[in-house]
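**Student:** Provided below: upload.cif, containing mmCIF, C-alpha atoms.
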data_protein
#
loop_
_atom_site.group_PDB
_atom_site.id
_atom_site.type_symbol
_atom_site.label_atom_id
_atom_site.label_comp_id
_atom_site.auth_asym_id
_atom_site.auth_seq_id
_atom_site.Cartn_x
_atom_site.Cartn_y
_atom_site.Cartn_z
ATOM 1 C CA MET A 1 64.550 164.703 35.362
ATOM 2 C CA ARG A 2 67.301 167.141 36.363
ATOM 3 C CA SER A 3 65.922 167.456 39.907
ATOM 4 C CA ILE A 4 65.977 163.658 40.293
ATOM 5 C CA LYS A 5 69.590 163.648 39.122
ATOM 6 C CA MET A 6 70.510 166.346 41.668
ATOM 7 C CA LEU A 7 68.815 164.321 44.407
ATOM 8 C CA ASP A 8 70.796 161.276 43.333
ATOM 9 C CA ILE A 9 74.094 163.184 43.275
ATOM 10 C CA GLY A 10 73.431 164.439 46.811
ATOM 11 C CA TYR A 11 72.524 160.894 47.865
ATOM 12 C CA ILE A 12 75.780 159.525 46.402
ATOM 13 C CA PHE A 13 77.872 162.244 48.073
ATOM 14 C CA LEU A 14 76.241 161.542 51.451
ATOM 15 C CA ILE A 15 77.048 157.849 51.125
ATOM 16 C CA TYR A 16 80.698 158.551 50.245
ATOM 17 C CA PHE A 17 80.931 161.146 53.047
ATOM 18 C CA THR A 18 79.490 158.789 55.657
ATOM 19 C CA ILE A 19 81.737 155.885 54.681
ATOM 20 C CA ALA A 20 84.819 158.145 54.630
ATOM 21 C CA VAL A 21 84.162 159.556 58.099
ATOM 22 C CA VAL A 22 83.480 156.120 59.586
ATOM 23 C CA LEU A 23 86.547 154.600 57.916
ATOM 24 C CA SER A 24 88.805 157.479 58.984
ATOM 25 C CA ILE A 25 87.663 157.058 62.602
ATOM 26 C CA PHE A 26 88.337 153.318 62.340
ATOM 27 C CA VAL A 27 91.796 153.822 60.816
ATOM 28 C CA ASP A 28 92.736 156.422 63.431
ATOM 29 C CA LYS A 29 91.668 154.110 66.257
ATOM 30 C CA MET A 30 93.516 151.195 64.677
ATOM 31 C CA LEU A 31 96.764 153.095 64.016
ATOM 32 C CA GLY A 32 96.607 155.400 67.025
ATOM 33 C CA LYS A 33 97.831 158.949 67.210
ATOM 34 C CA PHE A 34 100.865 159.722 65.065
ATOM 35 C CA ASN A 35 103.972 160.198 67.213
ATOM 36 C CA PRO A 36 106.604 162.331 65.451
ATOM 37 C CA ASP A 37 109.170 161.642 68.184
ATOM 38 C CA ALA A 38 109.247 157.974 67.180
ATOM 39 C CA TYR A 39 110.318 159.001 63.656
ATOM 40 C CA LYS A 40 113.227 161.284 64.516
ATOM 41 C CA THR A 41 115.815 158.558 63.888
ATOM 42 C CA VAL A 42 113.968 156.917 60.980
ATOM 43 C CA PRO A 43 115.474 157.709 57.546
ATOM 44 C CA ASN A 44 113.402 159.597 54.955
ATOM 45 C CA TRP A 45 113.311 156.656 52.561
ATOM 46 C CA GLN A 46 111.658 154.440 55.181
ATOM 47 C CA ILE A 47 109.000 157.054 55.930
ATOM 48 C CA MET A 48 108.400 157.429 52.198
ATOM 49 C CA ILE A 49 107.935 153.674 51.800
ATOM 50 C CA GLU A 50 105.456 153.676 54.693
ATOM 51 C CA LEU A 51 103.547 156.501 53.006
ATOM 52 C CA PHE A 52 103.586 154.665 49.669
ATOM 53 C CA LEU A 53 102.202 151.523 51.310
ATOM 54 C CA ALA A 54 99.549 153.513 53.170
ATOM 55 C CA PHE A 55 98.425 155.266 49.979
ATOM 56 C CA TRP A 56 98.508 151.994 48.075
ATOM 57 C CA MET A 57 96.116 150.461 50.615
ATOM 58 C CA TYR A 58 94.108 153.674 50.544
ATOM 59 C CA GLY A 59 93.790 153.385 46.747
ATOM 60 C CA ILE A 60 92.590 149.791 47.077
ATOM 61 C CA ALA A 61 90.060 150.931 49.700
ATOM 62 C CA CYS A 62 88.819 153.649 47.298
ATOM 63 C CA TYR A 63 88.349 151.033 44.588
ATOM 64 C CA ILE A 64 86.460 148.657 46.908
ATOM 65 C CA ILE A 65 84.269 151.428 48.319
ATOM 66 C CA ARG A 66 83.465 152.780 44.850
ATOM 67 C CA ASN A 67 82.334 149.310 43.788
ATOM 68 C CA LEU A 68 80.276 148.883 46.966
ATOM 69 C CA VAL A 69 78.588 152.284 46.592
ATOM 70 C CA GLU A 70 77.574 151.349 43.037
ATOM 71 C CA LEU A 71 75.619 148.429 44.534
ATOM 72 C CA ILE A 72 73.574 150.663 46.870
ATOM 73 C CA PRO A 73 70.263 151.345 45.138
ATOM 74 C CA PHE A 74 68.779 154.807 44.736
ATOM 75 C CA PRO A 75 65.275 154.828 46.276
ATOM 76 C CA ILE A 76 63.595 156.415 43.248
ATOM 77 C CA ASP A 77 65.609 154.652 40.551
ATOM 78 C CA GLY A 78 63.481 154.121 37.467
ATOM 79 C CA TYR A 79 61.111 157.017 38.205
ATOM 80 C CA HIS A 80 60.321 158.697 34.855
ATOM 81 C CA GLY A 81 63.003 156.521 33.258
ATOM 82 C CA PHE A 82 65.824 157.804 35.473
ATOM 83 C CA GLN A 83 68.758 155.384 35.705
ATOM 84 C CA HIS A 84 70.894 155.635 38.830
ATOM 85 C CA LYS A 85 73.784 153.691 37.280
ATOM 86 C CA LYS A 86 74.286 156.339 34.572
ATOM 87 C CA VAL A 87 75.138 159.151 37.008
ATOM 88 C CA LYS A 88 78.863 159.912 36.569
ATOM 89 C CA GLU A 89 79.382 160.771 40.239
ATOM 90 C CA LEU A 90 78.571 157.183 41.153
ATOM 91 C CA SER A 91 81.826 155.941 39.635
ATOM 92 C CA SER A 92 83.926 158.804 41.004
ATOM 93 C CA ALA A 93 85.212 158.367 44.538
ATOM 94 C CA TRP A 94 86.901 161.771 44.848
ATOM 95 C CA VAL A 95 84.501 162.790 47.631
ATOM 96 C CA PHE A 96 85.517 159.723 49.598
ATOM 97 C CA GLY A 97 89.201 160.458 49.059
ATOM 98 C CA PHE A 98 88.957 164.096 50.049
ATOM 99 C CA VAL A 99 86.894 163.473 53.181
ATOM 100 C CA PHE A 100 89.007 160.498 54.264
ATOM 101 C CA LEU A 101 92.291 162.386 53.974
ATOM 102 C CA THR A 102 90.801 165.420 55.688
ATOM 103 C CA CYS A 103 89.317 163.456 58.603
ATOM 104 C CA SER A 104 92.056 160.887 59.148
ATOM 105 C CA SER A 105 94.388 162.663 61.515
ATOM 106 C CA ASN A 106 96.963 159.849 61.429
ATOM 107 C CA MET A 107 97.334 159.990 57.643
ATOM 108 C CA SER A 108 97.363 163.782 57.415
ATOM 109 C CA ASP A 109 99.795 164.140 60.372
ATOM 110 C CA ARG A 110 102.118 161.539 58.869
ATOM 111 C CA LEU A 111 102.062 163.275 55.487
ATOM 112 C CA LYS A 112 102.625 166.728 57.044
ATOM 113 C CA TYR A 113 105.514 165.388 59.110
ATOM 114 C CA PHE A 114 107.209 163.898 56.045
ATOM 115 C CA TYR A 115 106.646 167.052 53.995
ATOM 116 C CA ASN A 116 108.038 169.320 56.735
ATOM 117 C CA ARG A 117 110.982 167.018 57.305
ATOM 118 C CA TYR A 118 111.777 166.840 53.595
ATOM 119 C CA THR A 119 111.498 170.593 52.997
ATOM 120 C CA THR A 120 113.570 171.344 56.118
ATOM 121 C CA ALA A 121 116.297 168.952 54.950
ATOM 122 C CA GLU A 122 116.212 170.514 51.486
ATOM 123 C CA LYS A 123 116.637 174.019 52.960
ATOM 124 C CA GLU A 124 119.588 172.859 55.067
ATOM 125 C CA ILE A 125 121.299 171.313 52.048
ATOM 126 C CA THR A 126 120.766 174.512 50.071
ATOM 127 C CA LYS A 127 122.289 176.578 52.905
ATOM 128 C CA GLU A 128 125.343 174.295 53.028
ATOM 129 C CA LEU A 129 125.890 174.635 49.270
ATOM 130 C CA LYS A 130 125.905 178.435 49.459
#
Give the structure from this file in structure tokens form.

**Tutor:**
Amino acid sequence: MRSIKMLDIGYIFLIYFTIAVVLSIFVDKMLGKFNPDAYKTVPNWQIMIELFLAFWMYGIACYIIRNLVELIPFPIDGYHGFQHKKVKELSSAWVFGFVFLTCSSNMSDRLKYFYNRYTTAEKEITKELK
């Protein structure tokens, strides 16, 4: 029974991995390469709102994908009483989230740019106060 469960967990992870890679390629092609020069005059609050909206849509995508993956049957479901729907990893989309954020260069570049810009601004303010 445990070996069937391990097969199922691997199967679930492969599905999440595949969907995340395909979706990250699609998102990168749709959004294009992140151009930091275009954001030099944009205020921090506007970049933060863009990031919030992007992560909001990303969260909705995680929810939709998790529900779709639950509908994909496991080929040996029911063998020796094994129930695919009871595997906890099926309802956890953390693999999708990790792979998507790692593979999507637009999202990771945008987040890195905002982080670097925010920490640089914070260091400059601290220097001025001293």

**Student:** When you count all atoms listed in the file, which of these residues is closest to A:Cys62: A:Cys103, A:Ile47, A:Ala20, A:Met30?

**Tutor:** A:Ala20

**Student:** Which of these, A:Val95, A:Met48, A:Met57, A:Val69, has the shortest distance to A:Tyr113 once you count all atoms listed in the file?

**Tutor:**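 With all atoms listed in the file as the atom set, the closest residue is A:Met48.
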
**Student:** To one decimal place, how far is atom CA of A:Ser104 from atom CA of A:Ala61 in Å?

**Tutor:**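 Value for the atom CA of A:Ser104-atom CA of A:Ala61 distance: 13.9 Å.
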
**Student:** Could you list the residues chosen by the PyMOL selection byres ((chain A and resi 99) around 9) in this structure as a PDB file with C-alpha atoms, keeping the file's coordinate frame?

**Tutor:**
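As a result, out_23.pdb now contains:
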ATOM      1  CA  TYR A  16      80.698 158.551  50.245  1.00  0.00           C
ATOM      2  CA  PHE A  17      80.931 161.146  53.047  1.00  0.00           C
ATOM      3  CA  ALA A  20      84.819 158.145  54.630  1.00  0.00           C
ATOM      4  CA  VAL A  21      84.162 159.556  58.099  1.00  0.00           C
ATOM      5  CA  SER A  24      88.805 157.479  58.984  1.00  0.00           C
ATOM      6  CA  TRP A  94      86.901 161.771  44.848  1.00  0.00           C
ATOM      7  CA  VAL A  95      84.501 162.790  47.631  1.00  0.00           C
ATOM      8  CA  PHE A  96      85.517 159.723  49.598  1.00  0.00           C
ATOM      9  CA  GLY A  97      89.201 160.458  49.059  1.00  0.00           C
ATOM     10  CA  PHE A  98      88.957 164.096  50.049  1.00  0.00           C
ATOM     11  CA  PHE A 100      89.007 160.498  54.264  1.00  0.00           C
ATOM     12  CA  LEU A 101      92.291 162.386  53.974  1.00  0.00           C
ATOM     13  CA  THR A 102      90.801 165.420  55.688  1.00  0.00           C
ATOM     14  CA  CYS A 103      89.317 163.456  58.603  1.00  0.00           C
ATOM     15  CA  SER A 104      92.056 160.887  59.148  1.00  0.00           C
TER      16      SER A 104
END

**Student:** Go through A:Glu70, A:Ser105, A:Tyr63, A:Thr120 and flag the residue nearest A:Asp28, using all atoms listed in the file for the distances.

**Tutor:**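 That would be A:Ser105, the residue with the smallest distance to A:Asp28.
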
**Student:** From the set A:Leu111, A:Leu51, A:Arg117, A:Phe74, which residue has the shortest atom-to-atom contact distance to A:Tyr11, counting all atoms listed in the file?

**Tutor:**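 For A:Tyr11, the nearest of the candidates is A:Phe74.
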
**Student:** Between atom CA of A:Ile19 and atom CA of A:Met6, what is the distance, to one decimal in Å?

**Tutor:** 20.1 Å

**Student:** Just need the box for stretch 111-114 of chain A, edges along x, y and z, holding every atom the file lists for it with 8 Å tacked onto each side, so centre and edge lengths in Å to one decimal, as lines of an AutoDock Vina configuration file.

**Tutor:**
center_x = 104.6
center_y = 165.0
center_z = 57.3
size_x = 21.1
size_y = 19.5
size_z = 19.6

**Student:** Just say which residues the PyMOL selection byres ((chain A and resi 114) around 12) picks in this file, as a PDB file with C-alpha atoms, in the frame of the given file.

**Tutor:**
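Contents of the output file out.pdb:
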ATOM      1  CA  PHE A  34     100.865 159.722  65.065  1.00  0.00           C
ATOM      2  CA  PRO A  36     106.604 162.331  65.451  1.00  0.00           C
ATOM      3  CA  TYR A  39     110.318 159.001  63.656  1.00  0.00           C
ATOM      4  CA  LYS A  40     113.227 161.284  64.516  1.00  0.00           C
ATOM      5  CA  VAL A  42     113.968 156.917  60.980  1.00  0.00           C
ATOM      6  CA  PRO A  43     115.474 157.709  57.546  1.00  0.00           C
ATOM      7  CA  ASN A  44     113.402 159.597  54.955  1.00  0.00           C
ATOM      8  CA  TRP A  45     113.311 156.656  52.561  1.00  0.00           C
ATOM      9  CA  GLN A  46     111.658 154.440  55.181  1.00  0.00           C
ATOM     10  CA  ILE A  47     109.000 157.054  55.930  1.00  0.00           C
ATOM     11  CA  MET A  48     108.400 157.429  52.198  1.00  0.00           C
ATOM     12  CA  ILE A  49     107.935 153.674  51.800  1.00  0.00           C
ATOM     13  CA  GLU A  50     105.456 153.676  54.693  1.00  0.00           C
ATOM     14  CA  LEU A  51     103.547 156.501  53.006  1.00  0.00           C
ATOM     15  CA  PHE A  52     103.586 154.665  49.669  1.00  0.00           C
ATOM     16  CA  MET A 107      97.334 159.990  57.643  1.00  0.00           C
ATOM     17  CA  SER A 108      97.363 163.782  57.415  1.00  0.00           C
ATOM     18  CA  ASP A 109      99.795 164.140  60.372  1.00  0.00           C
ATOM     19  CA  ARG A 110     102.118 161.539  58.869  1.00  0.00           C
ATOM     20  CA  LEU A 111     102.062 163.275  55.487  1.00  0.00           C
ATOM     21  CA  LYS A 112     102.625 166.728  57.044  1.00  0.00           C
ATOM     22  CA  TYR A 113     105.514 165.388  59.110  1.00  0.00           C
ATOM     23  CA  TYR A 115     106.646 167.052  53.995  1.00  0.00           C
ATOM     24  CA  ASN A 116     108.038 169.320  56.735  1.00  0.00           C
ATOM     25  CA  ARG A 117     110.982 167.018  57.305  1.00  0.00           C
ATOM     26  CA  TYR A 118     111.777 166.840  53.595  1.00  0.00           C
ATOM     27  CA  THR A 119     111.498 170.593  52.997  1.00  0.00           C
ATOM     28  CA  THR A 120     113.570 171.344  56.118  1.00  0.00           C
ATOM     29  CA  ALA A 121     116.297 168.952  54.950  1.00  0.00           C
TER      30      ALA A 121
END
